[in-house]
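Beneath this line is the structure, given in structure tokens, with notes to follow.
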Amino acid sequence: MIYVSKHQLDQVEYLLQQSIQGNHILFDTESVRRILKISNDKPDSFKVEDLIESLILEPTIERKKEFLRNLDRRTYACVVRTYFNIVENKLQEKYKVCH
């Protein structure tokens with residue numbers, strides 16, 4: 001478990017909300033399309049979890065982007081897939097219909 005400050009939590013919420021609206025601030029659109037369309041990489045869940053935690057802990061959006069730029073192509077694809085799974089879960093949570 002990691003400690004996330006209020007500022008970091010607010011920043012993550014902002015990024016997720018922007019992604020829900022189609023504004024993928026951390027990722028370029030072409031990479032996202034390519035990765036989500038053709039990538040079948042099965043991430044090591046523990047490694048990706050650590051990477052997502054490291055991404056969250058970066059203090060600014062620019063540092064987060066720099067962190068992502070420094071990942072190799074396969075790892076970047078796994079992080080993108082995981083991030084968009086989080087976005088999808090957030091969407092489902094937000095628009096959950098209760099009967």
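Letters A, B, ... mark the chains of the structure tokens in the order given; residue numbers begin at 1 per chain; ligand numbers begin at 1, in order shown.
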Within 12 Å of Arg34 of chain A, counting only C-alpha atoms, which residues show up once you throw out same-chain ones fewer than 4 positions away? Write them as a PyMOL selection string, please.
-> chain A and resi 27-30+38-40+73+76-77+80-81
Determine which residues of chain A DSSP labels as alpha helix (DSSP H) from the backbone of this structure, then write them out as a ChimeraX atom specification.
-> /A:6-20,29-38,45-57,61-69,73-94
Could you check which of A:Lys6, A:His24, A:Lys96, A:Lys90 is closest to Pro59 of chain A, using only C-alpha atoms?
-> A:Lys6
Give the answer as one residue: which of A:Ile20, A:Glu49, A:Leu15, A:Thr82 has the shortest atom-to-atom distance to Lys64 of chain A, using only C-alpha atoms?
->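 Between A:Ile20, A:Glu49, A:Leu15, A:Thr82, the residue approaching Lys64 of chain A most closely is A:Leu15.
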Residue neighbourhood Val12 of chain A, 12 Å, only C-alpha atoms, exclusion window fewer than 3 positions, as a list of chain:residue names |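 Within the cut-off, the hits are A:Val4, A:Ser5, A:Lys6, A:His7, A:Gln8, A:Leu9, A:Leu15, A:Leu16, A:Gln17, A:Gln18, A:Ser19, A:Ile25, A:Leu26, A:Ile52, A:Glu53, A:Leu55, A:Ile56, A:Leu57, A:Glu58, A:Pro59, A:Thr60, A:Ile61, A:Lys64, A:Tyr83, A:Ile86, A:Val87, A:Lys90.
As for atom CA of Val48 of chain A and atom CA of Val79 of chain A, they are spaced 6.2 Å apart.
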Separation of atom CA of Asn70 of chain A and atom CA of Val32 of chain A, in Å?
->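 Separation between atom CA of Asn70 of chain A and atom CA of Val32 of chain A: 16.4 Å.
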Quote the spacing between atom CA of Cys78 of chain A and atom CA of Gly22 of chain A in Å to one decimal place.
->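 Going from atom CA of Cys78 of chain A over to atom CA of Gly22 of chain A covers 19.5 Å.
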